[in-house]
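Structure data (PDB, C-alpha atoms) from my_file10.pdb:
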```pdb
ATOM      1  CA  MET A   1     -52.307 183.014 148.583
ATOM      2  CA  LYS A   2     -54.656 185.863 147.800
ATOM      3  CA  LYS A   3     -51.774 187.941 146.405
ATOM      4  CA  ARG A   4     -50.697 185.061 144.099
ATOM      5  CA  LEU A   5     -54.274 184.614 142.860
ATOM      6  CA  LEU A   6     -54.623 188.346 142.154
ATOM      7  CA  SER A   7     -51.302 188.376 140.294
ATOM      8  CA  LEU A   8     -52.336 185.362 138.193
ATOM      9  CA  THR A   9     -55.679 187.002 137.369
ATOM     10  CA  LYS A  10     -53.927 190.181 136.196
ATOM     11  CA  THR A  11     -51.530 188.164 134.045
ATOM     12  CA  ILE A  12     -54.402 186.307 132.357
ATOM     13  CA  ALA A  13     -56.261 189.591 131.751
ATOM     14  CA  PHE A  14     -53.250 191.239 130.116
ATOM     15  CA  LEU A  15     -52.630 188.133 128.002
ATOM     16  CA  PHE A  16     -56.279 188.104 126.834
ATOM     17  CA  LEU A  17     -56.094 191.834 126.026
ATOM     18  CA  GLY A  18     -52.928 191.312 123.974
ATOM     19  CA  ILE A  19     -54.500 188.491 121.980
ATOM     20  CA  THR A  20     -57.620 190.604 121.327
ATOM     21  CA  ILE A  21     -55.537 193.574 120.109
ATOM     22  CA  PHE A  22     -53.547 191.249 117.841
ATOM     23  CA  PHE A  23     -56.686 189.871 116.172
ATOM     24  CA  ILE A  24     -58.202 193.327 115.764
ATOM     25  CA  HIS A  25     -55.001 194.548 114.157
ATOM     26  CA  ALA A  26     -54.843 191.496 111.878
ATOM     27  CA  GLN A  27     -58.427 191.933 110.744
ATOM     28  CA  GLY A  28     -57.898 195.611 109.971
ATOM     29  CA  SER A  29     -54.488 195.299 108.337
ATOM     30  CA  PRO A  30     -54.070 196.544 104.747
ATOM     31  CA  ALA A  31     -53.058 193.089 103.530
ATOM     32  CA  HIS A  32     -56.291 191.577 104.803
ATOM     33  CA  ALA A  33     -58.394 194.423 103.414
ATOM     34  CA  GLN A  34     -56.815 194.239  99.990
ATOM     35  CA  HIS A  35     -56.813 190.488  99.436
ATOM     36  CA  LYS A  36     -59.502 187.909  99.852
ATOM     37  CA  ASN A  37     -59.490 184.201  99.071
ATOM     38  CA  ASP A  38     -62.532 183.089  97.084
ATOM     39  CA  GLU A  39     -63.785 179.958  95.434
ATOM     40  CA  PHE A  40     -64.780 181.057  91.947
ATOM     41  CA  ARG A  41     -67.285 179.464  89.615
ATOM     42  CA  LEU A  42     -68.107 180.606  86.088
ATOM     43  CA  THR A  43     -70.464 178.981  83.615
ATOM     44  CA  ILE A  44     -70.032 179.583  79.883
ATOM     45  CA  LEU A  45     -72.862 178.730  77.496
ATOM     46  CA  SER A  46     -73.575 179.503  73.868
ATOM     47  CA  SER A  47     -76.503 181.807  73.064
ATOM     48  CA  THR A  48     -78.490 178.627  72.302
ATOM     49  CA  LEU A  49     -77.698 177.433  75.886
ATOM     50  CA  VAL A  50     -75.188 174.747  74.850
ATOM     51  CA  PRO A  51     -72.275 174.388  77.350
ATOM     52  CA  GLN A  52     -68.972 175.725  76.001
ATOM     53  CA  LYS A  53     -66.505 172.957  76.825
ATOM     54  CA  GLY A  54     -62.752 173.634  76.884
ATOM     55  CA  MET A  55     -62.966 177.413  77.327
ATOM     56  CA  ILE A  56     -59.676 178.775  78.670
ATOM     57  CA  LEU A  57     -59.535 181.377  81.457
ATOM     58  CA  GLN A  58     -56.297 183.368  81.734
ATOM     59  CA  ILE A  59     -55.765 185.912  84.540
ATOM     60  CA  THR A  60     -53.302 188.653  83.625
ATOM     61  CA  GLY A  61     -50.111 188.571  85.669
ATOM     62  CA  THR A  62     -50.348 184.856  86.413
ATOM     63  CA  ASN A  63     -49.219 181.781  84.524
ATOM     64  CA  LYS A  64     -52.233 179.735  85.556
ATOM     65  CA  LYS A  65     -54.923 178.695  83.102
ATOM     66  CA  TYR A  66     -58.300 177.233  83.953
ATOM     67  CA  GLU A  67     -60.496 175.202  81.608
ATOM     68  CA  SER A  68     -64.255 174.692  81.490
ATOM     69  CA  ASP A  69     -65.641 171.177  81.906
ATOM     70  CA  GLU A  70     -68.314 169.399  79.846
ATOM     71  CA  ASN A  71     -70.972 171.551  81.542
ATOM     72  CA  GLY A  72     -69.163 174.763  80.594
ATOM     73  CA  VAL A  73     -68.150 175.339  84.244
ATOM     74  CA  ILE A  74     -64.800 176.740  85.400
ATOM     75  CA  ALA A  75     -64.204 176.274  89.149
ATOM     76  CA  PHE A  76     -61.020 177.534  90.823
ATOM     77  CA  SER A  77     -59.572 179.339  93.840
ATOM     78  CA  TYR A  78     -58.242 182.856  93.511
ATOM     79  CA  ARG A  79     -57.086 185.596  95.882
ATOM     80  CA  ILE A  80     -58.814 188.859  94.914
ATOM     81  CA  ASN A  81     -57.039 192.193  95.122
ATOM     82  CA  GLN A  82     -59.958 194.372  96.229
ATOM     83  CA  GLU A  83     -58.211 197.692  95.508
ATOM     84  CA  LYS A  84     -56.772 196.741  92.141
ATOM     85  CA  PRO A  85     -58.623 193.788  90.562
ATOM     86  CA  GLN A  86     -56.675 191.877  87.947
ATOM     87  CA  PRO A  87     -58.022 191.701  84.361
ATOM     88  CA  ALA A  88     -58.880 188.281  82.954
ATOM     89  CA  SER A  89     -59.891 186.910  79.561
ATOM     90  CA  LEU A  90     -61.704 183.889  78.147
ATOM     91  CA  PHE A  91     -60.518 182.117  74.995
ATOM     92  CA  PHE A  92     -62.134 179.525  72.767
ATOM     93  CA  PRO A  93     -59.970 176.386  72.523
ATOM     94  CA  ASP A  94     -59.485 176.757  68.753
ATOM     95  CA  GLU A  95     -58.540 180.454  69.097
ATOM     96  CA  PRO A  96     -56.160 180.548  72.090
ATOM     97  CA  ASP A  97     -54.607 183.881  71.034
ATOM     98  CA  LYS A  98     -57.834 185.851  70.544
ATOM     99  CA  ALA A  99     -59.785 186.894  73.638
ATOM    100  CA  ALA A 100     -63.509 186.197  73.314
ATOM    101  CA  TYR A 101     -64.472 188.069  76.490
ATOM    102  CA  SER A 102     -62.589 190.149  79.094
ATOM    103  CA  PHE A 103     -63.457 191.250  82.629
ATOM    104  CA  HIS A 104     -61.913 192.067  86.028
ATOM    105  CA  MET A 105     -61.581 189.554  88.840
ATOM    106  CA  THR A 106     -64.077 190.883  91.399
ATOM    107  CA  ASP A 107     -66.746 189.371  93.622
ATOM    108  CA  SER A 108     -69.396 190.358  91.084
ATOM    109  CA  ILE A 109     -68.087 187.924  88.452
ATOM    110  CA  ASN A 110     -68.320 184.933  90.781
ATOM    111  CA  GLY A 111     -71.270 182.657  90.048
ATOM    112  CA  GLN A 112     -72.136 184.357  86.771
ATOM    113  CA  THR A 113     -73.226 182.638  83.576
ATOM    114  CA  LEU A 114     -71.625 184.101  80.444
ATOM    115  CA  TYR A 115     -73.106 183.594  76.978
ATOM    116  CA  LEU A 116     -70.474 183.381  74.243
ATOM    117  CA  ASP A 117     -70.579 182.027  70.685
ATOM    118  CA  SER A 118     -67.528 180.787  68.833
ATOM    119  CA  PRO A 119     -66.688 182.093  65.338
ATOM    120  CA  LYS A 120     -67.787 178.717  63.884
ATOM    121  CA  GLU A 121     -71.131 178.908  65.676
ATOM    122  CA  ILE A 122     -71.704 182.479  64.515
ATOM    123  CA  ALA A 123     -70.912 181.471  60.915
ATOM    124  CA  ALA A 124     -73.466 178.651  61.206
ATOM    125  CA  TYR A 125     -76.075 181.013  62.677
ATOM    126  CA  LYS A 126     -75.565 183.413  59.773
ATOM    127  CA  GLN A 127     -75.721 180.675  57.164
ATOM    128  CA  ASN A 128     -78.920 179.224  58.627
ATOM    129  CA  SER A 129     -80.493 182.641  59.376
ATOM    130  CA  VAL A 130     -80.935 181.714  63.036
ATOM    131  CA  THR A 131     -82.998 184.236  65.010
ATOM    132  CA  GLN A 132     -82.872 184.937  68.731
ATOM    133  CA  ARG A 133     -85.471 186.641  70.900
ATOM    134  CA  ILE A 134     -83.846 189.692  72.488
ATOM    135  CA  GLU A 135     -85.105 192.242  75.004
ATOM    136  CA  GLY A 136     -83.947 195.794  75.555
ATOM    137  CA  ILE A 137     -84.931 199.023  77.247
ATOM    138  CA  VAL A 138     -84.517 202.318  75.375
ATOM    139  CA  GLN A 139     -83.359 205.194  77.589
ATOM    140  CA  THR A 140     -81.826 208.648  77.465
ATOM    141  CA  GLN A 141     -78.227 208.996  78.614
ATOM    142  CA  GLU A 142     -79.650 210.083  81.984
ATOM    143  CA  GLY A 143     -81.648 206.855  82.292
ATOM    144  CA  GLU A 144     -85.072 208.293  81.435
ATOM    145  CA  PRO A 145     -87.291 205.827  79.503
ATOM    146  CA  LEU A 146     -88.051 206.524  75.835
ATOM    147  CA  PRO A 147     -91.494 205.144  74.952
ATOM    148  CA  GLY A 148     -92.538 204.882  71.317
ATOM    149  CA  ALA A 149     -89.013 204.239  70.003
ATOM    150  CA  ILE A 150     -88.994 202.282  66.743
ATOM    151  CA  VAL A 151     -86.834 199.145  66.851
ATOM    152  CA  ALA A 152     -86.317 197.505  63.459
ATOM    153  CA  ILE A 153     -84.186 194.706  62.048
ATOM    154  CA  GLN A 154     -82.672 196.436  59.027
ATOM    155  CA  GLY A 155     -83.276 194.635  55.735
ATOM    156  CA  THR A 156     -86.265 192.715  57.089
ATOM    157  CA  ASN A 157     -89.905 193.490  57.884
ATOM    158  CA  ARG A 158     -89.384 192.820  61.602
ATOM    159  CA  LYS A 159     -90.214 195.914  63.636
ATOM    160  CA  THR A 160     -91.565 196.832  67.073
ATOM    161  CA  ILE A 161     -92.112 199.859  69.322
ATOM    162  CA  SER A 162     -90.886 200.362  72.894
ATOM    163  CA  ASP A 163     -93.603 200.504  75.555
ATOM    164  CA  GLU A 164     -94.316 203.174  78.158
ATOM    165  CA  ILE A 165     -91.137 202.366  80.110
ATOM    166  CA  GLY A 166     -88.959 201.890  77.023
ATOM    167  CA  LEU A 167     -89.064 198.079  76.946
ATOM    168  CA  PHE A 168     -89.086 196.103  73.709
ATOM    169  CA  ALA A 169     -88.667 192.526  72.501
ATOM    170  CA  ILE A 170     -87.908 191.401  68.959
ATOM    171  CA  ASP A 171     -86.495 188.461  66.994
ATOM    172  CA  ALA A 172     -83.013 189.472  65.870
ATOM    173  CA  ASP A 173     -80.405 187.637  63.814
ATOM    174  CA  PHE A 174     -76.680 187.662  63.110
ATOM    175  CA  ASN A 175     -76.934 189.019  59.552
ATOM    176  CA  HIS A 176     -78.820 192.288  60.017
ATOM    177  CA  PRO A 177     -78.188 195.272  62.306
ATOM    178  CA  ILE A 178     -80.728 196.369  64.903
ATOM    179  CA  VAL A 179     -81.680 200.009  64.283
ATOM    180  CA  ILE A 180     -83.312 202.086  67.040
ATOM    181  CA  ARG A 181     -84.981 205.432  66.292
ATOM    182  CA  ALA A 182     -86.478 207.764  68.896
ATOM    183  CA  GLU A 183     -87.824 211.283  68.507
ATOM    184  CA  GLY A 184     -85.198 213.919  69.190
ATOM    185  CA  MET A 185     -82.427 211.307  69.412
ATOM    186  CA  LYS A 186     -79.672 210.175  67.092
ATOM    187  CA  ASN A 187     -80.412 206.886  65.382
ATOM    188  CA  ARG A 188     -78.477 203.958  66.793
ATOM    189  CA  SER A 189     -77.381 200.787  64.993
ATOM    190  CA  MET A 190     -76.370 197.719  67.011
ATOM    191  CA  THR A 191     -75.465 194.063  66.565
ATOM    192  CA  ILE A 192     -77.178 191.201  68.364
ATOM    193  CA  TYR A 193     -74.146 190.369  70.555
ATOM    194  CA  PRO A 194     -74.629 192.773  73.517
ATOM    195  CA  PHE A 195     -78.163 191.452  73.963
ATOM    196  CA  LEU A 196     -76.969 187.834  73.909
ATOM    197  CA  HIS A 197     -74.384 188.528  76.608
ATOM    198  CA  HIS A 198     -77.212 189.658  78.922
ATOM    199  CA  PRO A 199     -80.109 187.286  78.116
ATOM    200  CA  LYS A 200     -81.676 187.292  81.601
ATOM    201  CA  GLU A 201     -82.418 191.029  81.672
ATOM    202  CA  ALA A 202     -83.467 193.778  79.283
ATOM    203  CA  TYR A 203     -80.276 195.228  77.833
ATOM    204  CA  PRO A 204     -80.146 199.049  78.292
ATOM    205  CA  VAL A 205     -79.890 200.985  75.020
ATOM    206  CA  TYR A 206     -78.803 204.567  75.697
ATOM    207  CA  MET A 207     -79.704 207.156  73.060
ATOM    208  CA  ALA A 208     -77.842 210.432  72.507
ATOM    209  CA  PRO A 209     -79.723 213.634  71.629
ATOM    210  CA  LYS A 210     -79.496 214.837  68.052
ATOM    211  CA  ASP A 211     -76.966 217.474  67.170
ATOM    212  CA  THR A 212     -79.192 219.996  65.422
ATOM    213  CA  THR A 213     -76.135 221.826  64.091
ATOM    214  CA  GLN A 214     -74.648 218.792  62.333
ATOM    215  CA  ILE A 215     -74.154 219.237  58.604
ATOM    216  CA  TYR A 216     -74.355 216.100  56.459
ATOM    217  CA  THR A 217     -72.405 215.399  53.291
ATOM    218  CA  THR A 218     -74.071 212.038  52.617
ATOM    219  CA  ALA A 219     -77.691 211.078  53.197
ATOM    220  CA  GLU A 220     -80.243 208.529  52.058
ATOM    221  CA  GLN A 221     -82.043 211.294  50.164
ATOM    222  CA  ILE A 222     -79.946 214.273  49.070
ATOM    223  CA  PRO A 223     -81.543 217.731  48.698
ATOM    224  CA  GLN A 224     -83.164 218.648  45.385
ATOM    225  CA  PHE A 225     -84.038 221.817  43.524
ATOM    226  CA  PRO A 226     -87.829 221.943  43.007
ATOM    227  CA  GLY A 227     -88.456 220.013  39.794
ATOM    228  CA  GLY A 228     -85.032 218.413  39.722
ATOM    229  CA  MET A 229     -81.761 219.270  38.006
ATOM    230  CA  LYS A 230     -83.402 220.160  34.688
ATOM    231  CA  SER A 231     -85.449 222.839  36.443
ATOM    232  CA  PHE A 232     -82.288 224.088  38.154
ATOM    233  CA  LEU A 233     -80.572 224.525  34.760
ATOM    234  CA  ASP A 234     -83.654 226.355  33.446
ATOM    235  CA  TYR A 235     -83.518 228.579  36.528
ATOM    236  CA  GLN A 236     -79.867 229.399  35.830
ATOM    237  CA  ARG A 237     -80.527 230.327  32.194
ATOM    238  CA  GLU A 238     -83.392 232.599  33.216
ATOM    239  CA  HIS A 239     -81.805 234.376  36.184
ATOM    240  CA  LEU A 240     -78.056 234.315  35.630
ATOM    241  CA  ILE A 241     -76.710 237.769  34.717
ATOM    242  CA  TYR A 242     -73.492 237.639  32.709
ATOM    243  CA  PRO A 243     -71.295 240.623  33.749
ATOM    244  CA  SER A 244     -70.736 242.981  30.811
ATOM    245  CA  GLU A 245     -67.043 243.376  31.633
ATOM    246  CA  ALA A 246     -66.561 239.616  31.515
ATOM    247  CA  LYS A 247     -68.466 239.424  28.241
ATOM    248  CA  ALA A 248     -66.302 242.113  26.710
ATOM    249  CA  ALA A 249     -63.208 240.278  27.860
ATOM    250  CA  GLY A 250     -64.539 236.957  26.525
ATOM    251  CA  ILE A 251     -64.260 235.199  29.911
ATOM    252  CA  GLU A 252     -66.044 231.836  29.987
ATOM    253  CA  GLY A 253     -66.004 228.842  32.275
ATOM    254  CA  VAL A 254     -67.591 227.241  35.310
ATOM    255  CA  VAL A 255     -67.891 228.589  38.844
ATOM    256  CA  VAL A 256     -68.537 226.045  41.605
ATOM    257  CA  VAL A 257     -70.576 227.290  44.553
ATOM    258  CA  ARG A 258     -71.033 225.408  47.823
ATOM    259  CA  PHE A 259     -73.902 226.107  50.209
ATOM    260  CA  ILE A 260     -75.993 224.555  52.962
ATOM    261  CA  VAL A 261     -79.537 223.389  52.386
ATOM    262  CA  GLU A 262     -81.204 223.881  55.759
ATOM    263  CA  LYS A 263     -83.937 221.642  57.192
ATOM    264  CA  ASP A 264     -86.605 224.032  55.876
ATOM    265  CA  GLY A 265     -85.034 224.033  52.394
ATOM    266  CA  SER A 266     -83.579 227.523  52.660
ATOM    267  CA  ILE A 267     -80.054 228.243  51.381
ATOM    268  CA  THR A 268     -77.337 229.550  53.700
ATOM    269  CA  ASP A 269     -73.593 230.192  53.593
ATOM    270  CA  PRO A 270     -73.059 230.232  49.781
ATOM    271  CA  THR A 271     -69.308 230.181  49.050
ATOM    272  CA  VAL A 272     -67.317 230.081  45.811
ATOM    273  CA  ILE A 273     -64.954 227.120  46.022
ATOM    274  CA  ARG A 274     -63.800 227.358  42.399
ATOM    275  CA  GLY A 275     -63.881 230.770  40.802
ATOM    276  CA  LEU A 276     -63.090 232.484  37.484
ATOM    277  CA  GLU A 277     -63.027 236.244  37.958
ATOM    278  CA  ALA A 278     -64.418 238.620  40.600
ATOM    279  CA  THR A 279     -67.488 239.885  38.695
ATOM    280  CA  ILE A 280     -68.376 236.406  37.457
ATOM    281  CA  ASP A 281     -67.948 234.918  40.941
ATOM    282  CA  SER A 282     -70.284 237.597  42.338
ATOM    283  CA  ALA A 283     -72.865 236.842  39.634
ATOM    284  CA  ALA A 284     -72.751 233.136  40.528
ATOM    285  CA  LEU A 285     -73.283 233.904  44.220
ATOM    286  CA  SER A 286     -76.206 236.209  43.389
ATOM    287  CA  VAL A 287     -78.077 233.567  41.396
ATOM    288  CA  ILE A 288     -77.588 231.037  44.234
ATOM    289  CA  LYS A 289     -78.794 233.468  46.903
ATOM    290  CA  ALA A 290     -81.951 234.194  44.894
ATOM    291  CA  MET A 291     -82.918 230.518  44.516
ATOM    292  CA  PRO A 292     -86.276 229.278  45.805
ATOM    293  CA  GLN A 293     -86.319 226.860  48.726
ATOM    294  CA  TRP A 294     -85.030 223.382  47.962
ATOM    295  CA  ILE A 295     -86.467 220.028  49.026
ATOM    296  CA  PRO A 296     -84.269 219.265  52.087
ATOM    297  CA  ALA A 297     -82.179 216.154  52.610
ATOM    298  CA  VAL A 298     -83.528 213.189  54.555
ATOM    299  CA  ASP A 299     -81.476 210.596  56.397
ATOM    300  CA  ARG A 300     -83.052 207.603  58.174
ATOM    301  CA  GLY A 301     -86.404 209.323  58.223
ATOM    302  CA  ASP A 302     -85.136 212.646  59.623
ATOM    303  CA  THR A 303     -84.787 215.962  57.783
ATOM    304  CA  VAL A 304     -81.156 217.102  58.044
ATOM    305  CA  ARG A 305     -78.892 219.989  57.095
ATOM    306  CA  TYR A 306     -76.812 219.199  54.020
ATOM    307  CA  ARG A 307     -73.744 220.735  52.379
ATOM    308  CA  TYR A 308     -74.202 220.817  48.605
ATOM    309  CA  SER A 309     -72.166 222.067  45.635
ATOM    310  CA  VAL A 310     -73.374 223.095  42.166
ATOM    311  CA  PRO A 311     -71.641 224.269  38.965
ATOM    312  CA  ILE A 312     -72.690 227.597  37.438
ATOM    313  CA  GLN A 313     -71.741 227.773  33.770
ATOM    314  CA  PHE A 314     -70.833 231.017  32.022
ATOM    315  CA  LYS A 315     -70.818 230.499  28.259
ATOM    316  CA  LEU A 316     -71.047 233.164  25.577
ATOM    317  CA  LYS A 317     -73.209 232.877  22.501
ATOM    318  CA  GLU A 318     -71.369 232.986  19.198
ATOM    319  CA  THR A 319     -72.781 236.458  18.496
ATOM    320  CA  GLU A 320     -71.488 237.678  21.876
ATOM    321  CA  ARG A 321     -67.934 236.514  21.418
ATOM    322  CA  PRO A 322     -65.431 239.361  20.895
ATOM    323  CA  GLU A 323     -62.947 239.264  18.049
ATOM    324  CA  LYS A 324     -59.925 237.184  18.867
ATOM    325  CA  THR A 325     -57.107 239.591  19.602
ATOM    326  CA  SER A 326     -54.035 239.497  21.737
ATOM    327  CA  GLU A 327     -55.892 241.703  24.230
ATOM    328  CA  ARG A 328     -58.506 239.003  24.994
ATOM    329  CA  ILE A 329     -58.311 237.538  28.509
ATOM    330  CA  THR A 330     -58.563 233.772  28.565
ATOM    331  CA  GLN A 331     -59.188 231.506  31.521
ATOM    332  CA  ASN A 332     -56.017 230.387  33.321
ATOM    333  CA  ALA A 333     -53.728 231.963  30.676
ATOM    334  CA  PRO A 334     -50.114 232.352  31.896
ATOM    335  CA  MET A 335     -49.139 235.904  32.824
ATOM    336  CA  SER A 336     -46.336 235.835  30.248
ATOM    337  CA  GLN A 337     -48.960 235.445  27.484
ATOM    338  CA  LYS A 338     -51.076 238.434  28.644
ATOM    339  CA  LYS A 339     -50.055 241.857  27.402
TER     340      LYS A 339
END
```
Go ahead and express the file in the form of structure tokens.
Amino acid sequence: MKKRLLSLTKTIAFLFLGITIFFIHAQGSPAHAQHKNDEFRLTILSSTLVPQKGMILQITGTNKKYESDENGVIAFSYRINQEKPQPASLFFPDEPDKAAYSFHMTDSINGQTLYLDSPKEIAAYKQNSVTQRIEGIVQTQEGEPLPGAIVAIQGTNRKTISDEIGLFAIDADFNHPIVIRAEGMKNRSMTIYPFLHHPKEAYPVYMAPKDTTQIYTTAEQIPQFPGGMKSFLDYQREHLIYPSEAKAAGIEGVVVVRFIVEKDGSITDPTVIRGLEATIDSAALSVIKAMPQWIPAVDRGDTVRYRYSVPIQFKLKETERPEKTSERITQNAPMSQKK
């Protein structure tokens, strides 16, 4: 009797151990780790907090579509692939072929409220000049706060400054860009939409440091010779030295010189980009190198380096013109005509 009881006890113990091992293996199996069944719930509202009814959710790789109810809610079951989440997109009912918002199916999306405006709503906002209160936080790319950054709604008189931790709030609209300027950083221009997609928290605005070596070819205020172009022409007439060889040969025309006006107004890297003849080209470079400092270019309130080109005219007076002979060298004359 005792032997039978001992044998039965051992059998039960082994059976219990086998069941335990099975469950441990099942819980730790790759299939269980990679996939997880979840009840999903998304709420879609407009930026004015109106529910977006009839929004269509499409998960890539599936043929299922889910639609939001009158409260803007989409509720559905979905098995998440933890290692490789599937992409998904939301569509407005009147634009079923144009994704309004895309994301990946992860745990983080569950329970979220998304703020999306349809093209018709945006057109109405623009027409009626609707403004929205937005909040942001200005930071470096490393996440350091940028206090004192100027945040302005371009084309309006709305402007504010970020506080000691980079926070700001301002009334923005759909018609004008939001321009952020911070010392030592490149200016940044943004639309209202990123802020509207994250209305419950200050949207992070990351600023990139200025490239001090960048050379501009367009700017709000281009560089100027002191006194303007008339003074520049007077400067040319006074300082330009016409090479005697070129005079004797009767060479006339225009040399175009390109150079960089630095931030301090000094001139660097003068280069002939359209020349006439070696001695004339050298004379044009000499008069450019001897110029006084210019008034530098300004773009969005910052002094910038600017690439500029000017024409230098070489024109003989009537009394300086040589007699017209077959020996005279003329600009761009074919070689067959020169003897």
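What the PyMOL selection byres ((chain A and resi 254) around 8) grabs from this file is Glu252, Gly253, Val255, Val256, Gly275, Leu276, Pro311, Ile312, Gln313 and Phe314 of chain A.
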>> Env of A:Tyr78: 12 Å cut, atoms = all atoms listed in the file, seq-sep filter 6 positions within chain, self excluded. Answer as JSON, numbers by chain.
In response: {"A": [35, 36, 37, 38, 39, 40, 41, 58, 59, 62, 64, 65, 66, 85, 86, 88, 105, 106, 107, 110]}
Ground truth for the PyMOL selection byres ((chain A and resi 173) around 9), written as a PDB file with C-alpha atoms, in the coordinates of the input:
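Produced file selection.pdb, reproduced below:
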```
ATOM      1  CA  TYR A 125     -76.075 181.013  62.677  1.00  0.00           C
ATOM      2  CA  LYS A 126     -75.565 183.413  59.773  1.00  0.00           C
ATOM      3  CA  SER A 129     -80.493 182.641  59.376  1.00  0.00           C
ATOM      4  CA  VAL A 130     -80.935 181.714  63.036  1.00  0.00           C
ATOM      5  CA  THR A 131     -82.998 184.236  65.010  1.00  0.00           C
ATOM      6  CA  GLN A 132     -82.872 184.937  68.731  1.00  0.00           C
ATOM      7  CA  ARG A 133     -85.471 186.641  70.900  1.00  0.00           C
ATOM      8  CA  ILE A 153     -84.186 194.706  62.048  1.00  0.00           C
ATOM      9  CA  ASP A 171     -86.495 188.461  66.994  1.00  0.00           C
ATOM     10  CA  ALA A 172     -83.013 189.472  65.870  1.00  0.00           C
ATOM     11  CA  PHE A 174     -76.680 187.662  63.110  1.00  0.00           C
ATOM     12  CA  ASN A 175     -76.934 189.019  59.552  1.00  0.00           C
ATOM     13  CA  HIS A 176     -78.820 192.288  60.017  1.00  0.00           C
ATOM     14  CA  PRO A 177     -78.188 195.272  62.306  1.00  0.00           C
ATOM     15  CA  ILE A 178     -80.728 196.369  64.903  1.00  0.00           C
ATOM     16  CA  THR A 191     -75.465 194.063  66.565  1.00  0.00           C
ATOM     17  CA  ILE A 192     -77.178 191.201  68.364  1.00  0.00           C
TER      18      ILE A 192
END
```
> Care to translate the PyMOL selection byres ((chain A and resi 211) around 12) into actual residues of this file, as an MDAnalysis selection string?
Replying inline: chainID A and resid 184:187 208:210 212:216 304:305
> What lies within 10 Å of A:Glu183 using all atoms listed in the file, ignoring chain neighbours under 6 positions off, as a ChimeraX atom specification?
Replying inline: /A:146-150,209-210,302
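From atom CA of A:His198 back to atom CA of A:Ile56, the distance works out to 20.6 Å.
The closest residue to A:Phe195, picked from A:Glu67, A:Glu135, A:Glu95, A:Asp264 and counting all atoms listed in the file, is A:Glu135.
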>> Env of A:Gln112: 8 Å cut, atoms = all atoms listed in the file, seq-sep filter 4 positions within chain, self excluded. Answer as a ChimeraX atom specification.
In response: /A:41-43,108
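Reported to one decimal place, the separation of atom CA of A:Phe232 from atom CA of A:Lys317 is 20.1 Å.
Residue nearest A:Ser46, chosen from A:Leu196, A:Leu90, A:Ile280, A:Val179 and counting only C-alpha atoms: A:Leu196.
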Spatial neighbours of A:Ile241, 10 Å, all atoms listed in the file, chain gap at least 2 places, as a compact mmCIF listing (two decimals) with C-alpha atoms, in the frame of the given file:
```
# COMPACT_ATOMS: atom_id res chain seq x y z
CA GLN A 236 -79.87 229.40 35.83
CA ARG A 237 -80.53 230.33 32.19
CA GLU A 238 -83.39 232.60 33.22
CA HIS A 239 -81.81 234.38 36.18
CA PRO A 243 -71.30 240.62 33.75
CA SER A 244 -70.74 242.98 30.81
CA ILE A 280 -68.38 236.41 37.46
CA SER A 282 -70.28 237.60 42.34
CA ALA A 283 -72.86 236.84 39.63
CA ALA A 284 -72.75 233.14 40.53
CA SER A 286 -76.21 236.21 43.39
CA VAL A 287 -78.08 233.57 41.40
CA PHE A 314 -70.83 231.02 32.02
```
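With all atoms listed in the file as the atoms that count, the minimum distance from A:Ser231 to the choices A:Lys53, A:Ile165, A:Pro292, A:Gly143 is reached by A:Pro292.
Take the candidates A:Gln293, A:Val261, A:Pro51, A:Leu57 and check each one against A:Gly72 using all atoms listed in the file; the shortest distance goes to A:Pro51.
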